[in-house]
Amino acid sequence: MMKHPASFLACLPLLSARALGRMTFPDCASGPEILTTNLVCNTTASPADRAAALISAWNITEKLENLVDKSLGAPRLGLGAYDWWNEALHGVGWSVGVAFEPSGEFSYATSFASPILMSAAFDDDLIHDVADMISTEARAYSNSGHAGLDYWTPNINPYKDPRWGRGSETPGEDPFRIKGYVKALIEGLQGNENYTKVISTCKHYAAYDLEYWGGVKRYEFDAIVGMQDLVEYYLPPFQQCARDSKVKSIMCSYNAVNGTPACASTYLMQTVLRDFWEWNDENQYITSDCNAILNFHEDHNYTTTAAQSAAISLISGTDTICEVGTNTDIAGAWNQALLPKPVIDQALRRMYESLIRAGYFDPPDTTPYRSLSWKDVNTPEAQSLAVRSAAEGIVLKKNDGILPLKINNETSIALIGFWADASNLAMLGGYAGIPPYLQGPLQAAQKLGFQTAYATGPVRQDASAADTWTEAALEAADRSDIVIYFGGNDMTIEAEELDRYSIAWPAAQLALIEKLSAVGKPFIIAELGDQNDDTSILSDDNVSAILWAGFPGQDGGTAVFDVLTGKTAPAGRLPTTLYPAEYVDQVPMTDMSLRPSSTNPGRTYKWYDQAVLPFGFGLHYTTFRPLFKAESLTGKTYDISELISACKAKYLDLCPFATVSFSIENTGNVASDFVALAFLSGEYGPTPHPIKELAAYTRVKDIKPGEAKEATLGLRLGDLARVDELGNTVLYPGTYNFLLDVPTQDTFSFELRGEARMLIKFPQPPADLGEGNGHEKYTPK
């Protein structure tokens, strides 16, 4: 077990150089009279009125200084500086607003598994518990002045292209799965009290999934997206955030969408987000991604000056501008009469209303979260949850019976590979904070008392690289009973600003795998990071088992050995399609379409059927027989008009349709969880028809050998509907097939009759899909 990794501590001076200083809560009891007598300090007034009163007391200089992430506050009003850039993707994270101490209290925070791995558990209760623990630690950091009250998480862009460097930050490729993840996560982060626990920020709005590929950078990329794909695939997670979960904040993205930078799109931010989705009940705010406004004139060529860029972003609906350095000319926008005062005031009211709702101005003893402190960080419960967050999502891809390991303390194990030892930080993945410790596979094996031999391995080296690892690796394998290779991808292969050009295994790693396989010992491969093409190792008879561990966090080694030894039976399911290596030559990353065409083989499991392993795949240590109950919807017919008329929900897509019961019997000899995935398919709605679409899921816990448990899957009208070419969500007549499990183990069909009915009539963008924002007078070119 390794504590306080030195490479993290080396980053602290960089953070302190950028940070504004420790956050302080305004003192409404003994602060300046101009503050204490302001309505903002009256806890009986509405948050909106309190925010308006505060902003009305500021002069124009103070207002302009607080429209960026490095808000300077207003000292004469008793308001200290506030940094809006705080991260907490899978634990309180390394960011300029978060101040980790070099040692002692507030020098670390629990580091959970990456979102892609947690999502693979298909356990929304787990996601809620992790989010609740993260927000507890985040609040403790805020209360002590080590962080702000807002956190830029989650990343909910659907992960459709296997080359994307940030896919591991997301819950995967399926919008329905992402919506469930988002719902549970936001509830855990923001809490359910009258006060906001922490302010969550859904990012990146919208159609963002490219870093740097083919000479195109994210800062300049114009995502050309048709309405059908936009509404069906790219926007549902944000609809969940805004309309249904009422997230407190949203981040607009670097890219343009159909000709307009996302942070300048009145269509996306005003028409869709605030008006259509009614994301305005608490005057929620939008932040830009960092330097996204600079990109208007430097990369998108949408404007010619920094002042124009600042003005357009704020007028279009962005409320606070994140900048790296000082490059936003808000003062110039004001001085050149490009930025109206009402726009400034509206943005500031939105931002500070969110802080008011989090108790920023209220007495500590009246808010439910101000008592959280260092004692609430990295508790035994948090440490246990960190292990669970990884172990429950681990996916078993192959097993010839070697797993679970039947070994004792006399069994010798060779642990080989670049992440076998905790001295490598690779287990943490992107947007991590400083963990209290790192326990890798080697440390976990030693803790269990196993005899171990260790050798490192290559990461991204090609076949021509100087080989400094094979000799030691083969020596370790030769003197061990079992060989486990810990390989895959780290953040030097896939990361922010680092897309992949190949999804094959790195050449040097594959060469080492082949040599270890030839040793002839029981041979297990544990994969880190996102998916590589596993075709050759799946077909290699000398490879006994393969498991995928994503980025498993601070206790990743423990989680992996919990699965290897059977302490936790694997039940995770792939949250993405595993594509063959040649897929990257068949469609450019810049192609945003989902449906197959002459230049696109199709994207995700909905439109692509040549996967090495499909979305939802996952093996167990036992066998299961899932069956729909006899009283299911088999053969039933429903009248669409009657379904609509019976709906009492505000939004028709949320109307309940039916609850489907099923049983799951453990027909093997190992107790295990089982993830039930249910899909809809059929030839209804616009063509082409998807292969199938996820419509429901649940995780049934701890099914004993010989035991059968019953569970239910809920369906809503929106789960049955499809999106037409204009982006409208429509319930169509036809035969609906309901499929259980991957591969399908049971199915039934039901029918909808009558005329197609529209559930959601989506607002249409300007006719030319790019202009019409009213920006012409601000962009003289």
# chains A, B, ... in the order shown; residues from 1 in each chain; ligands from 1

$ closest_atom_pairs --of "region 428-479 of chain A" --to "region 516-528 of chain A" --cutoff "9 Å" --atoms "only C-alpha atoms" --output "CSV"
residue,atom,partner,partner_atom,distance
A:Thr470,CA,A:Leu516,CA,9.0
A:Ala473,CA,A:Leu516,CA,7.9
A:Leu474,CA,A:Leu516,CA,6.6
A:Ala477,CA,A:Leu516,CA,7.2
A:Asp478,CA,A:Val519,CA,7.2

$ residues_around --residues "Asp673 (chain A)" --least-positions-apart "5" --cutoff "6 Å" --atoms "only C-alpha atoms" --output "mmCIF file with N, CA, C and O atoms, in the first residue's frame"
data_model
loop_
_atom_site.group_PDB
_atom_site.id
_atom_site.type_symbol
_atom_site.label_atom_id
_atom_site.label_comp_id
_atom_site.auth_asym_id
_atom_site.auth_seq_id
_atom_site.Cartn_x
_atom_site.Cartn_y
_atom_site.Cartn_z
ATOM 1 N N ALA A 571 -20.242 -9.693 -12.071
ATOM 2 C CA ALA A 571 -21.576 -9.528 -12.646
ATOM 3 C C ALA A 571 -21.672 -8.284 -13.516
ATOM 4 O O ALA A 571 -22.748 -7.939 -13.987
ATOM 5 N N VAL A 700 -30.034 -7.695 -9.715
ATOM 6 C CA VAL A 700 -30.601 -8.550 -8.676
ATOM 7 C C VAL A 700 -29.435 -9.072 -7.845
ATOM 8 O O VAL A 700 -28.496 -9.671 -8.372
ATOM 9 N N LYS A 701 -29.490 -8.879 -6.538
ATOM 10 C CA LYS A 701 -28.342 -9.122 -5.672
ATOM 11 C C LYS A 701 -28.353 -10.523 -5.047
ATOM 12 O O LYS A 701 -29.395 -11.049 -4.674
ATOM 13 N N ASP A 702 -27.174 -11.096 -4.948
ATOM 14 C CA ASP A 702 -26.871 -12.249 -4.106
ATOM 15 C C ASP A 702 -27.862 -13.403 -4.288
ATOM 16 O O ASP A 702 -28.567 -13.804 -3.364
ATOM 17 N N ILE A 703 -27.871 -13.964 -5.482
ATOM 18 C CA ILE A 703 -28.731 -15.113 -5.771
ATOM 19 C C ILE A 703 -27.941 -16.384 -5.459
ATOM 20 O O ILE A 703 -26.909 -16.665 -6.063
#

$ select_by_dssp --residues "region 87-304 of chain A" --states "alpha helix (DSSP H)" --output "MDAnalysis selection string"
chainID A and resid 115:119 124:143 175:190 227:229 236:239 266 294:298

$ closest_residue --among "A:Lys397, A:Ile644, A:Asn86, A:Tyr437" --to "Pro614 (chain A)" --atoms "only C-alpha atoms"
A:Lys397

$ closest_residue --among "A:Gly440, A:Gly572, A:Gly616, A:Pro458" --to "Leu415 (chain A)" --atoms "only C-alpha atoms"
A:Gly440

$ residues_around --residues "Ala711 (chain A)" --least-positions-apart "4" --cutoff "9 Å" --atoms "only C-alpha atoms" --output "compact mmCIF listing (two decimals) with all heavy atoms, in the first residue's frame"
# COMPACT_ATOMS: atom_id res chain seq x y z
N VAL A 660 -42.96 -5.20 -15.93
CA VAL A 660 -42.75 -6.56 -16.40
C VAL A 660 -42.04 -7.36 -15.32
O VAL A 660 -40.97 -6.96 -14.84
CB VAL A 660 -41.92 -6.57 -17.70
CG1 VAL A 660 -41.70 -8.00 -18.17
CG2 VAL A 660 -42.61 -5.75 -18.77
N SER A 661 -42.59 -8.48 -14.95
CA SER A 661 -41.99 -9.34 -13.94
C SER A 661 -41.15 -10.43 -14.60
O SER A 661 -41.49 -10.91 -15.68
CB SER A 661 -43.07 -10.00 -13.08
OG SER A 661 -43.84 -9.03 -12.40
N PHE A 662 -40.06 -10.78 -13.96
CA PHE A 662 -39.25 -11.88 -14.45
C PHE A 662 -38.65 -12.61 -13.26
O PHE A 662 -38.59 -12.10 -12.14
CB PHE A 662 -38.15 -11.38 -15.40
CG PHE A 662 -37.05 -10.60 -14.72
CD1 PHE A 662 -35.86 -11.22 -14.35
CD2 PHE A 662 -37.20 -9.25 -14.45
CE1 PHE A 662 -34.85 -10.51 -13.73
CE2 PHE A 662 -36.20 -8.52 -13.83
CZ PHE A 662 -35.01 -9.16 -13.47
N SER A 663 -38.21 -13.83 -13.51
CA SER A 663 -37.52 -14.61 -12.49
C SER A 663 -36.12 -14.89 -12.97
O SER A 663 -35.87 -15.00 -14.18
CB SER A 663 -38.25 -15.92 -12.21
OG SER A 663 -38.21 -16.76 -13.34
N ILE A 664 -35.21 -15.03 -12.03
CA ILE A 664 -33.84 -15.37 -12.37
C ILE A 664 -33.39 -16.48 -11.44
O ILE A 664 -33.35 -16.31 -10.22
CB ILE A 664 -32.90 -14.13 -12.29
CG1 ILE A 664 -31.47 -14.51 -12.58
CG2 ILE A 664 -33.06 -13.39 -10.98
CD1 ILE A 664 -31.23 -14.94 -14.00
N THR A 698 -31.93 -3.77 -14.29
CA THR A 698 -31.85 -3.80 -12.84
C THR A 698 -30.79 -4.81 -12.44
O THR A 698 -30.42 -5.68 -13.23
CB THR A 698 -33.21 -4.17 -12.20
OG1 THR A 698 -33.15 -3.98 -10.79
CG2 THR A 698 -33.57 -5.64 -12.47
N VAL A 700 -30.03 -7.69 -9.72
CA VAL A 700 -30.60 -8.55 -8.68
C VAL A 700 -29.44 -9.07 -7.84
O VAL A 700 -28.50 -9.67 -8.37
CB VAL A 700 -31.41 -9.71 -9.30
CG1 VAL A 700 -32.08 -10.53 -8.20
CG2 VAL A 700 -32.45 -9.17 -10.28

$ residues_around --residues "region 255-262 of chain A" --least-positions-apart "5" --cutoff "8 Å" --atoms "only C-alpha atoms" --output "short mmCIF file (atom, residue, chain, number, x, y, z; two decimals) with N, CA, C and O atoms, in the first residue's frame"
data_model
loop_
_atom_site.label_atom_id
_atom_site.label_comp_id
_atom_site.auth_asym_id
_atom_site.auth_seq_id
_atom_site.Cartn_x
_atom_site.Cartn_y
_atom_site.Cartn_z
N TYR A 205 -22.20 20.21 -22.86
CA TYR A 205 -23.41 20.45 -23.66
C TYR A 205 -23.03 21.22 -24.92
O TYR A 205 -22.67 22.40 -24.81
N ALA A 206 -23.05 20.59 -26.08
CA ALA A 206 -23.57 19.26 -26.41
C ALA A 206 -22.79 18.73 -27.61
O ALA A 206 -22.06 19.46 -28.27
N ALA A 207 -22.99 17.41 -27.88
CA ALA A 207 -22.37 16.72 -29.02
C ALA A 207 -20.86 16.83 -28.99
O ALA A 207 -20.21 17.05 -30.01
N TYR A 208 -20.30 16.65 -27.79
CA TYR A 208 -18.85 16.73 -27.61
C TYR A 208 -18.29 15.34 -27.40
O TYR A 208 -18.62 14.67 -26.42
N ARG A 218 -10.61 19.80 -30.75
CA ARG A 218 -11.92 20.04 -30.14
C ARG A 218 -12.28 21.52 -30.11
O ARG A 218 -13.46 21.89 -30.13
N TYR A 219 -11.28 22.37 -30.02
CA TYR A 219 -11.51 23.81 -29.91
C TYR A 219 -12.08 24.41 -31.18
O TYR A 219 -12.69 25.47 -31.15
N GLU A 220 -11.89 23.73 -32.31
CA GLU A 220 -12.35 24.25 -33.60
C GLU A 220 -13.41 23.37 -34.24
O GLU A 220 -14.00 23.74 -35.26
N PHE A 221 -13.65 22.20 -33.68
CA PHE A 221 -14.52 21.22 -34.32
C PHE A 221 -15.96 21.70 -34.40
O PHE A 221 -16.53 22.17 -33.42
N ASP A 222 -16.52 21.58 -35.59
CA ASP A 222 -17.93 21.88 -35.80
C ASP A 222 -18.67 20.56 -35.99
O ASP A 222 -18.54 19.90 -37.02
N ALA A 223 -19.40 20.15 -34.98
CA ALA A 223 -20.13 18.89 -35.02
C ALA A 223 -21.41 19.07 -35.83
O ALA A 223 -22.33 19.76 -35.40
N ILE A 224 -21.44 18.47 -36.99
CA ILE A 224 -22.63 18.54 -37.84
C ILE A 224 -23.53 17.37 -37.47
O ILE A 224 -23.20 16.20 -37.72
N VAL A 225 -24.65 17.70 -36.86
CA VAL A 225 -25.53 16.68 -36.29
C VAL A 225 -26.95 16.90 -36.78
O VAL A 225 -27.51 17.99 -36.62
N LEU A 268 -29.48 26.03 -28.35
CA LEU A 268 -29.22 25.01 -27.34
C LEU A 268 -29.46 25.52 -25.93
O LEU A 268 -30.07 24.83 -25.11
N PHE A 296 -13.89 31.12 -29.60
CA PHE A 296 -14.77 31.77 -30.57
C PHE A 296 -13.95 32.48 -31.65
O PHE A 296 -14.22 32.35 -32.83
N HIS A 300 -12.73 28.98 -33.83
CA HIS A 300 -13.94 28.84 -34.64
C HIS A 300 -14.08 29.94 -35.68
O HIS A 300 -14.89 29.82 -36.61
N TYR A 302 -15.55 32.60 -35.29
CA TYR A 302 -16.94 33.05 -35.18
C TYR A 302 -17.00 34.54 -34.87
O TYR A 302 -17.95 35.22 -35.21
N LEU A 769 -29.60 26.08 -39.55
CA LEU A 769 -28.92 25.24 -38.55
C LEU A 769 -27.66 25.87 -37.97
O LEU A 769 -26.89 25.18 -37.32
N GLY A 770 -27.44 27.13 -38.18
CA GLY A 770 -26.21 27.70 -37.63
C GLY A 770 -26.34 29.15 -37.24
O GLY A 770 -25.78 29.58 -36.25
N GLU A 771 -27.07 29.91 -38.01
CA GLU A 771 -27.18 31.33 -37.72
C GLU A 771 -28.51 31.61 -37.01
O GLU A 771 -29.09 30.74 -36.38
#

$ residues_around --residues "region 184-189 of chain A" --least-positions-apart "6" --cutoff "6 Å" --atoms "only C-alpha atoms" --output "PDB file with N, CA, C and O atoms, in the first residue's frame"
ATOM      1  N   ASP A 124     -27.820   1.379  -9.887  1.00  0.00           N
ATOM      2  CA  ASP A 124     -28.017   2.799  -9.612  1.00  0.00           C
ATOM      3  C   ASP A 124     -27.961   3.120  -8.124  1.00  0.00           C
ATOM      4  O   ASP A 124     -27.645   4.251  -7.748  1.00  0.00           O
ATOM      5  N   ILE A 127     -24.376   3.860  -7.566  1.00  0.00           N
ATOM      6  CA  ILE A 127     -24.029   5.199  -8.065  1.00  0.00           C
ATOM      7  C   ILE A 127     -24.483   6.261  -7.078  1.00  0.00           C
ATOM      8  O   ILE A 127     -23.742   7.211  -6.783  1.00  0.00           O
ATOM      9  N   HIS A 128     -25.678   6.112  -6.541  1.00  0.00           N
ATOM     10  CA  HIS A 128     -26.174   7.082  -5.554  1.00  0.00           C
ATOM     11  C   HIS A 128     -25.303   7.085  -4.313  1.00  0.00           C
ATOM     12  O   HIS A 128     -24.951   8.152  -3.784  1.00  0.00           O
ATOM     13  N   ALA A 131     -22.001   8.808  -5.061  1.00  0.00           N
ATOM     14  CA  ALA A 131     -22.204  10.250  -5.193  1.00  0.00           C
ATOM     15  C   ALA A 131     -22.461  10.898  -3.841  1.00  0.00           C
ATOM     16  O   ALA A 131     -21.962  11.999  -3.556  1.00  0.00           O
ATOM     17  N   ASP A 132     -23.219  10.233  -2.996  1.00  0.00           N
ATOM     18  CA  ASP A 132     -23.491  10.758  -1.662  1.00  0.00           C
ATOM     19  C   ASP A 132     -22.201  10.852  -0.846  1.00  0.00           C
ATOM     20  O   ASP A 132     -21.963  11.831  -0.129  1.00  0.00           O
ATOM     21  N   SER A 135     -20.075  13.748  -2.285  1.00  0.00           N
ATOM     22  CA  SER A 135     -20.581  15.060  -1.884  1.00  0.00           C
ATOM     23  C   SER A 135     -20.352  15.320  -0.403  1.00  0.00           C
ATOM     24  O   SER A 135     -20.150  16.477   0.005  1.00  0.00           O
ATOM     25  N   VAL A 198     -24.051  19.786  -2.684  1.00  0.00           N
ATOM     26  CA  VAL A 198     -23.077  20.448  -3.550  1.00  0.00           C
ATOM     27  C   VAL A 198     -23.762  20.700  -4.884  1.00  0.00           C
ATOM     28  O   VAL A 198     -24.692  19.991  -5.271  1.00  0.00           O
TER      29      VAL A 198
END

$ residues_around --residues "region 449-452 of chain A" --least-positions-apart "2" --cutoff "7 Å" --atoms "only C-alpha atoms" --output "ChimeraX atom specification"
/A:409-415,445-447,454

$ closest_residue --among "A:Glu298, A:Glu137, A:Asp724, A:Glu392" --to "Met118 (chain A)" --atoms "only C-alpha atoms"
A:Glu392

$ closest_atom_pairs --of "region 169-265 of chain A" --to "region 147-160 of chain A" --cutoff "10 Å" --atoms "only C-alpha atoms" --output "CSV"
residue,atom,partner,partner_atom,distance
A:Glu169,CA,A:Asn155,CA,6.2
A:Thr170,CA,A:Asn155,CA,5.5
A:Pro171,CA,A:Ile156,CA,6.8
A:Gly172,CA,A:Tyr159,CA,5.3
A:Glu173,CA,A:Tyr159,CA,4.3
A:Asp174,CA,A:Pro158,CA,6.5
A:Pro175,CA,A:Pro158,CA,6.3
A:Phe176,CA,A:Pro158,CA,9.9
A:Arg177,CA,A:Pro158,CA,9.7
A:Ile178,CA,A:Ile156,CA,6.8
A:Lys179,CA,A:Ile156,CA,8.6
A:Tyr181,CA,A:Ile156,CA,9.1
A:Val182,CA,A:Pro154,CA,7.6
A:Leu185,CA,A:Pro154,CA,8.0
A:Ile186,CA,A:Pro154,CA,8.4
A:Leu189,CA,A:Tyr151,CA,9.2
A:Gln190,CA,A:Asp150,CA,9.8
A:Thr196,CA,A:Leu149,CA,9.0
A:Lys197,CA,A:Leu149,CA,8.1
A:Val198,CA,A:Leu149,CA,5.4
A:Ile199,CA,A:Asp150,CA,4.3
A:Ser200,CA,A:Tyr151,CA,5.5
A:Thr201,CA,A:Trp152,CA,4.7
A:Cys202,CA,A:Pro154,CA,5.2
A:Lys203,CA,A:Asn155,CA,5.0
A:His204,CA,A:Asn157,CA,6.5
A:Tyr205,CA,A:Asn157,CA,7.9
A:Ala206,CA,A:Asn157,CA,7.5
A:Ala207,CA,A:Asn157,CA,7.0
A:Tyr208,CA,A:Asn157,CA,6.4
A:Asp209,CA,A:Asn157,CA,6.8
A:Tyr233,CA,A:Pro158,CA,7.4
A:Tyr234,CA,A:Pro158,CA,6.5
A:Leu235,CA,A:Asn157,CA,8.5
A:Pro236,CA,A:Pro158,CA,9.4
A:Pro237,CA,A:Ile156,CA,6.3
A:Phe238,CA,A:Ile156,CA,7.6
A:Cys241,CA,A:Ile156,CA,9.3
A:Lys248,CA,A:Asp150,CA,8.9
A:Ser249,CA,A:Trp152,CA,8.5
A:Ile250,CA,A:Trp152,CA,8.4
A:Met251,CA,A:Trp152,CA,7.8

$ atom_distance --atom1 "CA of Val560 (chain A)" --atom2 "CA of Ile513 (chain A)"
19.0 Å

$ closest_residue --among "A:Thr304, A:Thr535, A:Ser119, A:Ser168" --to "Ala390 (chain A)" --atoms "only C-alpha atoms"
A:Ser119

$ closest_residue --among "A:Gln461, A:Asn489, A:Thr24, A:Thr565" --to "Trp548 (chain A)" --atoms "only C-alpha atoms"
A:Asn489

$ closest_residue --among "A:Glu496, A:Asp746, A:Asp533, A:Glu282" --to "Arg243 (chain A)" --atoms "only C-alpha atoms"
A:Glu282

$ decode --residues "region 150-159 of chain A" --atoms "all heavy atoms" --output "mmCIF file, in the first residue's frame"
data_model
loop_
_atom_site.group_PDB
_atom_site.id
_atom_site.type_symbol
_atom_site.label_atom_id
_atom_site.label_comp_id
_atom_site.auth_asym_id
_atom_site.auth_seq_id
_atom_site.Cartn_x
_atom_site.Cartn_y
_atom_site.Cartn_z
ATOM 1 N N ASP A 150 -19.456 24.229 -5.675
ATOM 2 C CA ASP A 150 -19.885 23.673 -6.960
ATOM 3 C C ASP A 150 -18.801 22.745 -7.500
ATOM 4 O O ASP A 150 -17.605 22.986 -7.302
ATOM 5 C CB ASP A 150 -20.147 24.794 -7.963
ATOM 6 C CG ASP A 150 -18.856 25.483 -8.381
ATOM 7 O OD1 ASP A 150 -18.258 26.180 -7.535
ATOM 8 O OD2 ASP A 150 -18.428 25.333 -9.541
ATOM 9 N N TYR A 151 -19.232 21.700 -8.197
ATOM 10 C CA TYR A 151 -18.299 20.711 -8.736
ATOM 11 C C TYR A 151 -18.703 20.365 -10.164
ATOM 12 O O TYR A 151 -19.874 20.089 -10.437
ATOM 13 C CB TYR A 151 -18.272 19.461 -7.854
ATOM 14 C CG TYR A 151 -17.606 19.738 -6.529
ATOM 15 C CD1 TYR A 151 -18.315 20.292 -5.468
ATOM 16 C CD2 TYR A 151 -16.247 19.499 -6.345
ATOM 17 C CE1 TYR A 151 -17.696 20.589 -4.257
ATOM 18 C CE2 TYR A 151 -15.626 19.785 -5.138
ATOM 19 C CZ TYR A 151 -16.352 20.333 -4.103
ATOM 20 O OH TYR A 151 -15.728 20.629 -2.915
ATOM 21 N N TRP A 152 -17.721 20.357 -11.049
ATOM 22 C CA TRP A 152 -17.973 20.145 -12.473
ATOM 23 C C TRP A 152 -18.014 18.653 -12.784
ATOM 24 O O TRP A 152 -17.096 18.079 -13.357
ATOM 25 C CB TRP A 152 -16.916 20.863 -13.298
ATOM 26 C CG TRP A 152 -17.039 22.364 -13.203
ATOM 27 C CD1 TRP A 152 -18.032 23.072 -12.593
ATOM 28 C CD2 TRP A 152 -16.134 23.339 -13.724
ATOM 29 N NE1 TRP A 152 -17.808 24.420 -12.702
ATOM 30 C CE2 TRP A 152 -16.647 24.620 -13.394
ATOM 31 C CE3 TRP A 152 -14.940 23.259 -14.442
ATOM 32 C CZ2 TRP A 152 -15.996 25.799 -13.756
ATOM 33 C CZ3 TRP A 152 -14.305 24.436 -14.801
ATOM 34 C CH2 TRP A 152 -14.827 25.688 -14.478
ATOM 35 N N THR A 153 -19.075 18.041 -12.402
ATOM 36 C CA THR A 153 -19.318 16.621 -12.635
ATOM 37 C C THR A 153 -20.827 16.413 -12.663
ATOM 38 O O THR A 153 -21.560 17.138 -11.953
ATOM 39 C CB THR A 153 -18.658 15.772 -11.517
ATOM 40 O OG1 THR A 153 -18.722 14.399 -11.861
ATOM 41 C CG2 THR A 153 -19.320 15.975 -10.171
ATOM 42 N N PRO A 154 -21.360 15.504 -13.484
ATOM 43 C CA PRO A 154 -20.694 14.445 -14.236
ATOM 44 C C PRO A 154 -20.439 14.799 -15.703
ATOM 45 O O PRO A 154 -21.028 15.730 -16.235
ATOM 46 C CB PRO A 154 -21.721 13.314 -14.167
ATOM 47 C CG PRO A 154 -23.046 14.045 -14.219
ATOM 48 C CD PRO A 154 -22.822 15.304 -13.397
ATOM 49 N N ASN A 155 -19.564 13.993 -16.346
ATOM 50 C CA ASN A 155 -19.373 14.014 -17.794
ATOM 51 C C ASN A 155 -20.353 13.016 -18.384
ATOM 52 O O ASN A 155 -20.215 11.816 -18.159
ATOM 53 C CB ASN A 155 -17.934 13.637 -18.150
ATOM 54 C CG ASN A 155 -17.665 13.635 -19.647
ATOM 55 O OD1 ASN A 155 -18.577 13.610 -20.467
ATOM 56 N ND2 ASN A 155 -16.397 13.640 -20.024
ATOM 57 N N ILE A 156 -21.335 13.493 -19.143
ATOM 58 C CA ILE A 156 -22.422 12.615 -19.591
ATOM 59 C C ILE A 156 -22.540 12.550 -21.108
ATOM 60 O O ILE A 156 -23.579 12.145 -21.631
ATOM 61 C CB ILE A 156 -23.760 13.055 -18.970
ATOM 62 C CG1 ILE A 156 -24.081 14.498 -19.353
ATOM 63 C CG2 ILE A 156 -23.723 12.884 -17.459
ATOM 64 C CD1 ILE A 156 -25.491 14.921 -18.989
ATOM 65 N N ASN A 157 -21.493 12.937 -21.819
ATOM 66 C CA ASN A 157 -21.533 12.794 -23.274
ATOM 67 C C ASN A 157 -21.509 11.321 -23.653
ATOM 68 O O ASN A 157 -20.637 10.579 -23.201
ATOM 69 C CB ASN A 157 -20.343 13.505 -23.917
ATOM 70 C CG ASN A 157 -20.336 14.993 -23.634
ATOM 71 O OD1 ASN A 157 -19.504 15.486 -22.879
ATOM 72 N ND2 ASN A 157 -21.260 15.710 -24.235
ATOM 73 N N PRO A 158 -22.449 10.861 -24.472
ATOM 74 C CA PRO A 158 -22.446 9.444 -24.866
ATOM 75 C C PRO A 158 -21.156 9.073 -25.605
ATOM 76 O O PRO A 158 -20.671 9.827 -26.441
ATOM 77 C CB PRO A 158 -23.675 9.333 -25.782
ATOM 78 C CG PRO A 158 -24.559 10.469 -25.382
ATOM 79 C CD PRO A 158 -23.627 11.580 -25.000
ATOM 80 N N TYR A 159 -20.643 7.907 -25.296
ATOM 81 C CA TYR A 159 -19.324 7.448 -25.742
ATOM 82 C C TYR A 159 -19.516 6.548 -26.964
ATOM 83 O O TYR A 159 -19.494 5.339 -26.852
ATOM 84 C CB TYR A 159 -18.678 6.707 -24.578
ATOM 85 C CG TYR A 159 -17.303 6.139 -24.787
ATOM 86 C CD1 TYR A 159 -16.474 6.534 -25.821
ATOM 87 C CD2 TYR A 159 -16.824 5.177 -23.894
ATOM 88 C CE1 TYR A 159 -15.207 5.994 -25.980
ATOM 89 C CE2 TYR A 159 -15.556 4.638 -24.031
ATOM 90 C CZ TYR A 159 -14.759 5.047 -25.090
ATOM 91 O OH TYR A 159 -13.505 4.509 -25.239
#
